[in-house]
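Containing compact mmCIF, C-alpha atoms: coords13.txt.
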```txt
# COMPACT_ATOMS: atom_id res chain seq x y z
CA MET A 1 80.66 75.44 124.94
CA ASN A 2 80.16 72.47 122.62
CA ILE A 3 79.57 72.64 118.91
CA ASP A 4 78.97 69.27 117.27
CA SER A 5 81.50 68.04 114.73
CA ILE A 6 80.32 68.10 111.16
CA GLN A 7 80.23 65.10 108.83
CA ASN A 8 80.39 66.84 105.46
CA GLY A 9 81.16 70.50 105.12
CA VAL A 10 83.64 73.30 105.59
CA VAL A 11 85.38 74.69 108.65
CA ILE A 12 86.97 78.11 108.28
CA ASP A 13 89.54 78.25 111.05
CA HIS A 14 92.09 80.76 112.33
CA ILE A 15 89.85 83.72 111.58
CA THR A 16 91.13 86.84 113.27
CA ALA A 17 88.91 87.40 116.32
CA GLY A 18 86.11 89.79 115.38
CA LYS A 19 86.11 89.07 111.65
CA GLY A 20 83.82 86.04 111.78
CA MET A 21 80.60 88.00 111.31
CA MET A 22 82.04 89.97 108.41
CA LEU A 23 83.00 86.75 106.66
CA TYR A 24 79.60 85.26 107.42
CA SER A 25 77.98 88.19 105.70
CA LEU A 26 80.34 88.51 102.70
CA LEU A 27 80.19 84.77 102.00
CA GLY A 28 76.40 84.99 101.90
CA LEU A 29 76.07 82.31 104.56
CA ASP A 30 72.98 84.01 105.94
CA SER A 31 71.05 82.91 102.87
CA LEU A 32 71.93 79.21 103.23
CA ASP A 33 69.35 76.76 104.51
CA VAL A 34 71.93 74.67 106.37
CA SER A 35 73.45 74.69 109.84
CA VAL A 36 76.14 77.32 110.20
CA ALA A 37 77.96 78.01 113.46
CA ILE A 38 79.98 81.11 114.15
CA ILE A 39 82.18 80.61 117.17
CA LYS A 40 83.71 83.83 118.44
CA ASN A 41 86.70 84.45 120.65
CA VAL A 42 87.87 80.85 120.82
CA VAL A 43 91.04 80.52 122.88
CA SER A 44 93.96 79.83 120.54
CA GLY A 45 97.52 78.97 121.48
CA LYS A 46 98.86 80.67 118.35
CA MET A 47 96.50 83.61 117.99
CA GLY A 48 95.34 84.28 121.54
CA LYS A 49 91.74 84.48 120.34
CA LYS A 50 90.20 83.48 117.05
CA ASP A 51 86.84 83.00 115.33
CA ILE A 52 85.72 79.81 113.61
CA ILE A 53 82.91 79.22 111.13
CA LYS A 54 81.49 75.72 110.65
CA ILE A 55 79.23 75.05 107.68
CA ASP A 56 77.37 71.77 107.83
CA ALA A 57 77.05 71.30 104.09
CA ASP A 58 79.30 70.59 101.16
CA ILE A 59 79.10 74.00 99.50
CA PRO A 60 81.60 75.90 97.37
CA VAL A 61 83.31 78.65 99.36
CA ASP A 62 84.72 81.76 97.69
CA PHE A 63 88.37 81.65 98.71
CA ASN A 64 88.88 85.18 97.37
CA VAL A 65 86.43 86.60 99.89
CA ILE A 66 88.21 84.87 102.75
CA GLY A 67 91.64 85.86 101.45
CA TYR A 68 90.54 89.50 101.21
CA VAL A 69 88.95 89.67 104.65
CA ASP A 70 91.44 87.54 106.52
CA PRO A 71 94.35 86.06 104.55
CA GLY A 72 95.59 84.16 107.62
CA ALA A 73 92.45 82.02 107.80
CA THR A 74 92.54 78.33 106.85
CA ILE A 75 89.88 76.25 105.13
CA ASN A 76 89.30 72.69 106.23
CA ILE A 77 87.21 70.41 104.05
CA ILE A 78 85.44 67.62 105.94
CA ARG A 79 84.12 64.44 104.30
CA ASN A 80 82.50 61.63 106.26
CA GLY A 81 83.74 63.20 109.46
CA GLN A 82 87.35 63.19 108.27
CA LEU A 83 89.58 66.15 107.45
CA ILE A 84 90.48 65.66 103.79
CA SER A 85 92.19 68.98 103.05
CA LYS A 86 93.51 71.95 104.92
CA GLN A 87 94.43 75.07 102.95
CA ALA A 88 95.99 78.37 103.85
CA ILE A 89 94.46 81.18 101.83
CA GLY A 90 96.67 84.22 101.37
CA MET A 91 95.65 87.39 99.60
CA PRO A 92 94.11 86.93 96.13
CA ASP A 93 95.57 88.95 93.25
CA THR A 94 92.12 90.05 92.06
CA LEU A 95 88.69 90.37 93.59
CA THR A 96 85.60 90.20 91.44
CA ASP A 97 82.29 91.38 92.89
CA VAL A 98 83.51 90.94 96.44
CA ILE A 99 83.61 94.64 97.21
CA ARG A 100 82.18 97.61 95.34
CA CYS A 101 83.86 100.76 94.08
CA HIS A 102 82.33 103.77 95.81
CA ASN A 103 84.01 106.43 93.68
CA PRO A 104 81.11 108.40 92.16
CA ARG A 105 83.36 109.31 89.22
CA CYS A 106 84.05 105.65 88.37
CA ILE A 107 82.38 104.09 85.32
CA THR A 108 81.04 101.34 87.62
CA SER A 109 78.82 103.96 89.28
CA THR A 110 76.75 104.36 86.11
CA GLU A 111 77.13 101.12 84.17
CA GLN A 112 75.38 98.64 86.40
CA GLU A 113 76.27 95.50 84.45
CA LEU A 114 80.00 95.92 85.03
CA HIS A 115 81.72 93.60 87.45
CA HIS A 116 83.47 95.38 90.30
CA VAL A 117 87.04 94.18 89.93
CA PHE A 118 89.86 95.12 92.28
CA ARG A 119 93.55 94.30 91.88
CA LEU A 120 96.05 93.86 94.70
CA THR A 121 98.60 96.67 94.25
CA ASP A 122 100.37 96.61 97.61
CA ARG A 123 100.67 93.24 99.34
CA VAL A 124 102.39 94.67 102.41
CA GLY A 125 99.89 97.47 102.87
CA ARG A 126 97.01 95.17 101.77
CA VAL A 127 95.81 97.72 99.22
CA TYR A 128 93.31 96.75 96.53
CA ARG A 129 92.50 99.23 93.77
CA CYS A 130 89.58 99.35 91.35
CA ILE A 131 90.86 98.35 87.90
CA TYR A 132 88.81 101.13 86.32
CA CYS A 133 89.53 104.22 88.41
CA GLU A 134 92.38 103.02 90.70
CA THR A 135 90.51 104.08 93.82
CA ALA A 136 91.65 102.08 96.84
CA ALA A 137 89.15 99.81 98.54
CA LYS A 138 88.29 100.83 102.08
CA MET B 1 93.84 93.64 70.61
CA ARG B 2 96.33 96.25 71.74
CA SER B 3 94.85 99.44 73.17
CA VAL B 4 96.39 102.34 75.05
CA ILE B 5 94.50 103.30 78.17
CA ASP B 6 97.34 104.44 80.41
CA ILE B 7 100.75 105.83 79.49
CA LEU B 8 102.21 102.83 81.33
CA ASP B 9 100.71 100.60 78.63
CA LEU B 10 103.67 101.78 76.55
CA SER B 11 107.20 100.77 77.52
CA THR B 12 110.00 103.34 77.48
CA GLU B 13 111.39 101.55 74.43
CA GLU B 14 108.07 101.97 72.66
CA LEU B 15 107.93 105.63 73.66
CA GLU B 16 111.41 106.15 72.25
CA ALA B 17 110.38 104.49 68.99
CA MET B 18 107.23 106.61 68.78
CA MET B 19 109.14 109.83 69.42
CA GLY B 20 111.56 108.77 66.72
CA GLU B 21 108.71 108.17 64.32
CA ALA B 22 107.09 111.51 65.24
CA LEU B 23 110.35 113.30 64.43
CA ASP B 24 110.49 111.43 61.15
CA ILE B 25 106.90 112.49 60.38
CA ILE B 26 107.91 116.09 61.05
CA ALA B 27 110.90 115.77 58.73
CA HIS B 28 109.20 113.74 55.97
CA PRO B 29 105.42 114.28 56.11
CA GLU B 30 105.00 113.18 52.49
CA THR B 31 106.19 109.68 53.39
CA TYR B 32 103.21 109.27 55.73
CA ALA B 33 100.57 111.05 53.66
CA HIS B 34 98.88 107.80 52.59
CA ALA B 35 99.96 105.49 55.40
CA CYS B 36 96.37 105.01 56.64
CA ALA B 37 94.55 105.28 53.33
CA GLY B 38 91.20 103.54 53.50
CA LYS B 39 91.21 103.35 57.29
CA LYS B 40 88.75 105.05 59.62
CA LEU B 41 89.24 106.57 63.04
CA ALA B 42 86.10 106.93 65.19
CA THR B 43 86.25 109.78 67.66
CA LEU B 44 83.81 109.21 70.53
CA PHE B 45 83.83 112.33 72.63
CA PHE B 46 81.28 112.23 75.43
CA GLU B 47 82.88 115.29 77.02
CA PRO B 48 83.73 118.67 75.48
CA SER B 49 87.11 118.88 73.81
CA THR B 50 88.64 121.13 71.21
CA ARG B 51 92.26 120.33 70.80
CA THR B 52 92.31 116.63 71.61
CA ARG B 53 89.50 115.83 69.22
CA MET B 54 90.82 118.07 66.46
CA SER B 55 94.32 116.76 67.04
CA PHE B 56 93.17 113.17 66.55
CA GLU B 57 91.18 114.13 63.49
CA ALA B 58 94.03 116.14 61.98
CA ALA B 59 96.42 113.28 62.76
CA MET B 60 94.27 110.75 60.92
CA TYR B 61 93.72 113.04 57.93
CA GLU B 62 97.45 113.71 57.64
CA LEU B 63 97.98 109.96 57.54
CA GLY B 64 95.59 109.73 54.60
CA GLY B 65 92.81 108.13 56.66
CA ASN B 66 89.23 109.17 57.36
CA VAL B 67 87.38 110.13 60.52
CA ILE B 68 83.86 109.32 61.66
CA SER B 69 82.36 110.77 64.80
CA MET B 70 79.23 111.82 66.61
CA SER B 71 78.49 115.51 66.86
CA SER B 72 78.02 115.37 70.63
CA ALA B 73 77.14 113.00 73.45
CA ALA B 74 73.65 114.49 73.54
CA SER B 75 73.03 113.38 69.96
CA SER B 76 74.37 109.86 70.41
CA SER B 77 72.73 106.70 71.68
CA ALA B 78 74.43 107.34 75.02
CA ALA B 79 71.67 109.90 75.59
CA LYS B 80 69.21 107.00 75.22
CA GLY B 81 71.10 105.03 77.82
CA GLU B 82 73.44 102.94 75.67
CA SER B 83 76.39 101.69 77.68
CA VAL B 84 80.02 102.38 76.85
CA ALA B 85 80.48 98.64 76.35
CA ASP B 86 77.72 98.45 73.73
CA THR B 87 78.88 101.66 72.06
CA ALA B 88 82.39 100.19 71.69
CA LYS B 89 81.01 96.98 70.17
CA VAL B 90 78.87 98.89 67.71
CA VAL B 91 81.53 101.40 66.66
CA SER B 92 84.01 98.55 66.14
CA CYS B 93 81.81 97.54 63.21
CA TYR B 94 82.35 100.91 61.55
CA ALA B 95 85.91 101.92 62.34
CA ASP B 96 89.45 100.53 62.36
CA ILE B 97 90.48 102.38 65.52
CA ILE B 98 88.66 104.32 68.24
CA ALA B 99 89.63 107.36 70.29
CA ILE B 100 87.32 107.87 73.26
CA ARG B 101 86.88 110.64 75.79
CA HIS B 102 84.34 110.12 78.54
CA PRO B 103 83.77 111.81 81.91
CA LYS B 104 83.76 108.57 83.89
CA GLU B 105 87.03 107.13 85.14
CA GLY B 106 87.72 103.73 83.63
CA SER B 107 85.40 104.27 80.65
CA ALA B 108 88.21 103.79 78.14
CA LEU B 109 89.14 100.45 79.72
CA VAL B 110 85.53 99.33 79.42
CA ALA B 111 85.56 100.37 75.76
CA ALA B 112 88.83 98.51 75.14
CA ASN B 113 87.50 95.38 76.83
CA ASN B 114 84.54 95.33 74.47
CA ALA B 115 85.85 96.73 71.19
CA THR B 116 87.28 94.54 68.46
CA VAL B 117 89.56 97.31 67.21
CA PRO B 118 92.29 99.24 69.07
CA VAL B 119 91.05 101.86 71.53
CA ILE B 120 92.94 104.99 72.52
CA ASN B 121 92.03 106.73 75.76
CA ALA B 122 91.58 110.40 74.95
CA GLY B 123 90.79 111.20 78.59
CA ASP B 124 88.66 109.28 81.10
CA GLY B 125 87.49 111.77 83.70
CA GLY B 126 90.22 112.72 86.11
CA HIS B 127 92.01 109.43 85.63
CA CYS B 128 94.34 109.20 82.61
CA HIS B 129 95.12 111.14 79.47
CA PRO B 130 97.98 109.24 77.86
CA THR B 131 98.08 111.06 74.52
CA GLN B 132 98.53 114.39 76.29
CA THR B 133 101.50 112.79 78.00
CA LEU B 134 102.84 111.77 74.61
CA ALA B 135 102.65 115.44 73.60
CA ASP B 136 104.37 116.46 76.84
CA LEU B 137 107.15 113.93 76.41
CA LEU B 138 107.95 114.92 72.83
CA THR B 139 107.95 118.60 73.83
CA ILE B 140 110.36 117.97 76.70
CA ARG B 141 112.53 115.81 74.43
CA ARG B 142 112.65 118.49 71.73
CA GLU B 143 113.26 121.34 74.18
CA LYS B 144 115.71 119.62 76.53
CA GLY B 145 117.24 116.88 74.43
CA SER B 146 116.64 114.19 77.05
CA PHE B 147 114.78 113.37 80.25
CA GLU B 148 117.92 113.11 82.37
CA ASN B 149 118.66 115.42 85.29
CA LEU B 150 115.60 117.59 85.01
CA THR B 151 113.81 119.43 87.79
CA VAL B 152 110.16 119.38 86.80
CA GLY B 153 107.67 121.67 88.53
CA LEU B 154 104.03 120.67 88.31
CA CYS B 155 101.72 123.51 89.31
CA GLY B 156 97.99 123.93 89.89
CA ASP B 157 95.40 121.21 90.23
CA LEU B 158 97.53 118.19 90.98
CA LYS B 159 94.65 116.27 92.53
CA PHE B 160 92.20 115.97 89.65
CA GLY B 161 94.72 116.79 86.91
CA ARG B 162 94.88 113.59 84.87
CA THR B 163 97.68 115.00 82.71
CA VAL B 164 99.78 115.48 85.82
CA HIS B 165 99.33 111.91 87.02
CA SER B 166 100.17 110.48 83.61
CA LEU B 167 103.24 112.71 83.26
CA ILE B 168 104.54 111.73 86.69
CA ASN B 169 104.09 108.06 85.80
CA ALA B 170 105.89 108.52 82.50
CA LEU B 171 108.83 110.60 83.74
CA ALA B 172 109.34 108.47 86.85
CA ARG B 173 110.62 105.72 84.56
CA TYR B 174 113.52 107.90 83.43
CA GLY B 175 116.42 108.37 85.81
CA GLY B 176 117.34 111.69 87.31
CA VAL B 177 114.01 113.51 87.28
CA ASN B 178 113.28 115.57 90.39
CA PHE B 179 109.67 116.71 90.91
CA VAL B 180 108.52 119.89 92.61
CA LEU B 181 104.79 119.62 93.30
CA ILE B 182 103.22 123.08 93.58
CA SER B 183 99.55 123.25 94.57
CA PRO B 184 97.05 124.48 97.15
CA GLU B 185 96.66 122.10 100.09
CA GLU B 186 93.27 120.95 98.77
CA LEU B 187 94.63 120.04 95.33
CA LYS B 188 97.78 118.12 96.23
CA VAL B 189 98.87 115.05 94.30
CA PRO B 190 96.83 112.05 95.57
CA SER B 191 98.62 109.97 98.16
CA TYR B 192 98.51 106.86 95.96
CA VAL B 193 100.57 108.62 93.28
CA LYS B 194 103.17 109.64 95.85
CA LYS B 195 103.21 106.26 97.53
CA ASP B 196 102.93 103.93 94.54
CA VAL B 197 105.02 105.92 92.07
CA LEU B 198 107.35 108.44 93.68
CA LYS B 199 108.19 106.75 96.98
CA ALA B 200 108.07 103.23 95.55
CA GLN B 201 110.66 104.12 92.90
CA GLY B 202 112.74 106.40 95.11
CA ILE B 203 112.03 109.46 92.93
CA PRO B 204 113.04 112.71 94.68
CA TYR B 205 110.18 115.17 95.11
CA SER B 206 109.14 118.10 97.23
CA GLN B 207 105.78 119.75 97.83
CA THR B 208 105.12 123.44 98.21
CA THR B 209 102.32 125.98 97.89
CA ASP B 210 104.76 128.73 96.82
CA LEU B 211 105.24 128.96 93.05
CA GLU B 212 107.59 131.96 93.13
CA ARG B 213 110.04 130.33 95.50
CA ALA B 214 110.08 127.15 93.43
CA ILE B 215 110.58 128.75 90.00
CA PRO B 216 114.37 129.44 90.09
CA ASP B 217 115.19 125.72 90.40
CA LEU B 218 113.00 124.50 87.58
CA ASP B 219 113.98 123.21 84.13
CA ILE B 220 110.35 122.50 83.24
CA LEU B 221 107.28 124.29 84.60
CA TYR B 222 104.09 122.40 83.84
CA MET B 223 101.11 124.65 84.59
CA THR B 224 97.59 123.25 84.85
CA ARG B 225 94.09 124.64 85.00
CA VAL B 226 91.85 124.20 88.02
CA GLN B 227 89.04 122.27 86.32
CA ARG B 228 85.53 123.42 87.15
CA GLU B 229 84.07 120.14 85.85
CA ARG B 230 85.91 118.08 88.49
CA PHE B 231 84.31 119.85 91.45
CA PHE B 232 81.02 118.80 93.01
CA ASN B 233 80.99 122.09 94.92
CA GLU B 234 81.08 125.39 93.00
CA GLU B 235 82.29 127.30 96.07
CA ASP B 236 85.42 125.19 96.27
CA TYR B 237 86.12 125.81 92.60
CA LEU B 238 85.72 129.58 92.92
CA ARG B 239 87.99 129.66 95.96
CA LEU B 240 90.77 127.69 94.28
CA LYS B 241 90.58 128.62 90.61
CA ASP B 242 93.02 131.53 90.73
CA SER B 243 95.52 129.96 93.10
CA TYR B 244 98.36 130.40 90.63
CA ILE B 245 98.73 132.91 87.81
CA LEU B 246 102.06 132.90 85.99
CA THR B 247 103.13 136.43 85.05
CA PRO B 248 106.34 137.90 83.57
CA GLU B 249 107.23 139.19 87.07
CA LYS B 250 107.17 135.68 88.48
CA LEU B 251 109.54 134.53 85.74
CA ARG B 252 112.26 137.08 86.63
CA GLU B 253 114.20 134.55 88.69
CA ALA B 254 113.54 131.64 86.32
CA LYS B 255 116.27 129.94 84.30
CA GLN B 256 116.80 131.26 80.78
CA ASP B 257 116.23 127.81 79.34
CA LEU B 258 113.12 127.05 81.37
CA ALA B 259 110.42 125.36 79.30
CA ILE B 260 106.85 126.33 80.23
CA LEU B 261 104.27 123.70 79.34
CA HIS B 262 100.49 123.60 79.76
CA PRO B 263 98.09 120.93 78.50
CA LEU B 264 95.58 123.70 77.59
CA PRO B 265 92.94 125.00 77.60
CA ARG B 266 94.29 127.91 79.58
CA VAL B 267 91.87 130.04 81.53
CA ASN B 268 93.96 132.63 83.31
CA GLU B 269 96.73 130.65 84.98
CA ILE B 270 99.29 131.87 82.40
CA SER B 271 99.24 135.56 81.51
CA VAL B 272 98.97 136.09 77.75
CA GLU B 273 102.08 138.31 77.97
CA ILE B 274 104.09 135.15 78.48
CA ASP B 275 103.04 133.82 75.08
CA LYS B 276 105.76 135.99 73.52
CA ASP B 277 108.43 134.65 75.87
CA PRO B 278 110.64 132.10 74.08
CA ARG B 279 110.30 129.87 77.11
CA ALA B 280 106.58 129.41 76.43
CA CYS B 281 106.22 125.98 74.81
CA TYR B 282 102.52 125.27 75.17
CA PHE B 283 101.58 125.95 71.58
CA LYS B 284 104.50 123.84 70.36
CA GLN B 285 103.12 121.18 72.69
CA VAL B 286 99.82 121.22 70.77
CA LEU B 287 101.63 120.54 67.51
CA ASN B 288 103.78 117.85 69.08
CA GLY B 289 100.59 116.21 70.31
CA LYS B 290 99.34 115.80 66.76
CA TYR B 291 102.59 114.15 65.66
CA MET B 292 102.60 111.76 68.60
CA ARG B 293 98.97 110.85 67.94
CA MET B 294 99.96 110.10 64.35
CA ALA B 295 102.74 107.86 65.62
CA LEU B 296 100.34 106.13 68.02
CA ILE B 297 97.66 105.54 65.38
CA LEU B 298 100.30 104.08 63.07
CA LYS B 299 101.67 101.84 65.80
CA LEU B 300 98.29 100.43 66.87
CA LEU B 301 97.02 99.91 63.32
CA ARG B 302 100.27 98.13 62.42
CA GLU B 303 100.02 95.89 65.46
CA ALA B 304 96.39 95.12 64.62
CA GLY B 305 97.47 94.13 61.13
CA SER B 306 95.26 96.83 59.61
CA ILE B 307 98.08 98.55 57.71
```
Spell out the structure here as C-alpha cells.
Amino acid sequence: MNIDSIQNGVVIDHITAGKGMMLYSLLGLDSLDVSVAIIKNVVSGKMGKKDIIKIDADIPVDFNVIGYVDPGATINIIRNGQLISKQAIGMPDTLTDVIRCHNPRCITSTEQELHHVFRLTDRVGRVYRCIYCETAAK
Amino acid sequence: MRSVIDILDLSTEELEAMMGEALDIIAHPETYAHACAGKKLATLFFEPSTRTRMSFEAAMYELGGNVISMSSAASSSAAKGESVADTAKVVSCYADIIAIRHPKEGSALVAANNATVPVINAGDGGHCHPTQTLADLLTIRREKGSFENLTVGLCGDLKFGRTVHSLINALARYGGVNFVLISPEELKVPSYVKKDVLKAQGIPYSQTTDLERAIPDLDILYMTRVQRERFFNEEDYLRLKDSYILTPEKLREAKQDLAILHPLPRVNEISVEIDKDPRACYFKQVLNGKYMRMALILKLLREAGSI
C-alpha cells in the first residue's frame, strides 16, 4: 500500500498498533479540512506492528495528548519534504482538558467552566489523577 | 497565597510548630486574645456542620477577630447558581481568611485558586478534611506523647471517610506507625490510599472486618460514622450503618492506655456508656480541634502579612 510523502506537515510514528484511531479522535483530526492518513498495522522491525498518522498540513499538535495515549510515539515535523525534527514524547506531567473526570462527586461535575486537569502520580503504573478529587483516569 | 487544602500541604515541621503553638495557646490564652484583632474570618458552609463551623468561629473569636458567614447554602448566591470560583473572589473582598465546606470534592481547591486571601478546607465532600486531622494529631500527641511505635486502628467507613484518608496521610509521615484497617468489605480504604501511601512508603498495615479481634493490639482506636450523605443508594446505607458499635464489653480486652477517638458526630457507633471511660478522648478531640484551628489561622494570616 502506498501513501504519498507529505511536503509540509506532521507524521506521528511508532504508535502502538491499535491506538491510531484513538489518537485521531483525541487530537481532533476529524475536524480538519486537510489530508490525514491513518495507516494501521504497519510492519515494524522494532515494534512488530505499529500505526502511523500523516497530517498533510503544518498544524500545531498537542504533544500532551500523544504522550498520554502512547508515550512511545514519535513526532516528525516535515518542511519542504525534509524531516526537520524528530521528537520522542514521553508521559506529560499534567493533562489539561485531554480527558474528563467522571466522578459525580467531583467539583468538575457541576462547575462547567473548570478545566479538567489531571496530574501524573505514578509513572510506572501510568496513573493520572484528577487534581480536584484525586480520582484516577480510566 | 498560602492555603491549606490537604493535610499534606503542611510539612511535619510545620505541624510540629503548630502543635507547639496550640499548646502555648492552651497555657497562655491571654497572650493570643487580641492576635487577630480587626481581622475577619468568612465561614462558607455549603454543607451542614455543627462542630467544625463553631470551632472555626470560636477559634477566631478567641483570637480577637470577627466572623462573617452565610446562614446556609440555600440562602446564599450558590442557590442562584453562583460558582465556587466566583463566591471565593467575592468573599475575598470582605474577609481576610476563608474557611469553606462544600459537598463537592475539590471545591476547596477551586476556592483557593480564585481567592485572594488564604483558604482553609473545612471538608470537601469525601475528599479531605485537614483541620479534623489537626485535631486528631494534637489529641494523639497529648494522649501518647509522640507518634512513634503506635498501632492505630481505623474503624467504620474507611471508603468515604475523609478524616480517615487525611489521618493516614498525616501519620504515614511519622516512623513506626502500624495501621489496622477495620471495615465492612464495601467500605474498605480505597486502593489508591493503600497503593500510593501505605505500600509506597512501606507502612505496615492489615485489614480486617473483625473489630473485637483487633482491639487488644491497638494504642489508638479511631471510630468513624457510616455517612448517609455519601451514599447514592439508601439500601446500602441501611445495610452498613450499624456494622460496628463500640460497647464496654468490646473494650474488655483493650489496653488500659488505649485512646478512643472519633471525629464526631456520633450516631450509634460508640455506646454512650463509653463516654465515662477515661480512654474516651473524642470530646477532648473537639477542644483540641479549636486550638489547632487557632494555630492554623494565626499561621496563614502571618504568612499572608495580615497580622
Counting only C-alpha atoms, which of B:Ser107, B:Ser11, B:Gln285, B:Ser71 gets nearest to Asp86 (chain B)?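 So, comparing all the options, the nearest one is B:Ser107.
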Extract, using all atoms listed in the file, all DNA, RNA and protein residues at most 9 Å from Gln201 (chain B), discarding same-chain residues fewer than 5 positions from it, and format them as a PyMOL selection string. chain B and resi 172-173+196
Residues of chain B within 8 Å of chain A, counting only C-alpha atoms - could you list those as a ChimeraX atom specification? /B:83-84,103-107,109-110,125,127
Within 9 Å of Leu26 (chain A) using all atoms listed in the file, minus same-chain residues under 3 positions, as a count of residues only: 9
Selection as a PyMOL selection string: residues within 12 Å of (95.3, 108.5, 78.6), counting all atoms listed in the file: chain B and resi 3-10+52+99-102+105-109+119-135+161-167+169-170+293+296
How many Å separate CA of Tyr68 (chain A) from CA of Pro92 (chain A)?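 So the answer is 6.7 Å.
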What is the CA of Arg225 (chain B) to CA of Ile245 (chain B) distance in Å?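 These two atoms are separated by 9.9 Å.
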Incomplete region 55-68 of chain A filled out to N, CA and C atoms as a JSON list (two decimals), keeping the file's coordinate frame:
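What ended up in out.json:
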```json
[["chain", "number", "residue", "atom", "x", "y", "z"],
["A", 55, "ILE", "N", 80.37, 75.14, 108.61],
["A", 55, "ILE", "CA", 79.23, 75.05, 107.68],
["A", 55, "ILE", "C", 78.93, 73.58, 107.48],
["A", 56, "ASP", "N", 77.73, 73.19, 107.86],
["A", 56, "ASP", "CA", 77.37, 71.77, 107.83],
["A", 56, "ASP", "C", 76.76, 71.41, 106.48],
["A", 57, "ALA", "N", 77.50, 71.64, 105.44],
["A", 57, "ALA", "CA", 77.05, 71.30, 104.09],
["A", 57, "ALA", "C", 78.24, 71.40, 103.16],
["A", 58, "ASP", "N", 78.20, 70.61, 102.12],
["A", 58, "ASP", "CA", 79.30, 70.59, 101.16],
["A", 58, "ASP", "C", 79.05, 71.66, 100.10],
["A", 59, "ILE", "N", 79.39, 72.89, 100.42],
["A", 59, "ILE", "CA", 79.10, 74.00, 99.50],
["A", 59, "ILE", "C", 80.42, 74.61, 99.01],
["A", 60, "PRO", "N", 80.39, 75.20, 97.82],
["A", 60, "PRO", "CA", 81.60, 75.90, 97.37],
["A", 60, "PRO", "C", 81.78, 77.18, 98.18],
["A", 61, "VAL", "N", 83.01, 77.44, 98.58],
["A", 61, "VAL", "CA", 83.31, 78.65, 99.36],
["A", 61, "VAL", "C", 84.22, 79.53, 98.52],
["A", 62, "ASP", "N", 83.92, 80.82, 98.48],
["A", 62, "ASP", "CA", 84.72, 81.76, 97.69],
["A", 62, "ASP", "C", 86.00, 82.10, 98.45],
["A", 63, "PHE", "N", 87.09, 81.44, 98.03],
["A", 63, "PHE", "CA", 88.37, 81.65, 98.71],
["A", 63, "PHE", "C", 88.81, 83.11, 98.64],
["A", 64, "ASN", "N", 88.45, 83.79, 97.54],
["A", 64, "ASN", "CA", 88.88, 85.18, 97.37],
["A", 64, "ASN", "C", 88.30, 86.08, 98.46],
["A", 65, "VAL", "N", 87.06, 85.79, 98.84],
["A", 65, "VAL", "CA", 86.43, 86.60, 99.89],
["A", 65, "VAL", "C", 87.21, 86.41, 101.20],
["A", 66, "ILE", "N", 87.51, 85.16, 101.49],
["A", 66, "ILE", "CA", 88.21, 84.87, 102.75],
["A", 66, "ILE", "C", 89.61, 85.47, 102.71],
["A", 67, "GLY", "N", 90.29, 85.32, 101.58],
["A", 67, "GLY", "CA", 91.64, 85.86, 101.45],
["A", 67, "GLY", "C", 91.67, 87.37, 101.58],
["A", 68, "TYR", "N", 90.62, 88.03, 101.10],
["A", 68, "TYR", "CA", 90.54, 89.50, 101.21],
["A", 68, "TYR", "C", 90.28, 89.93, 102.65]]
```
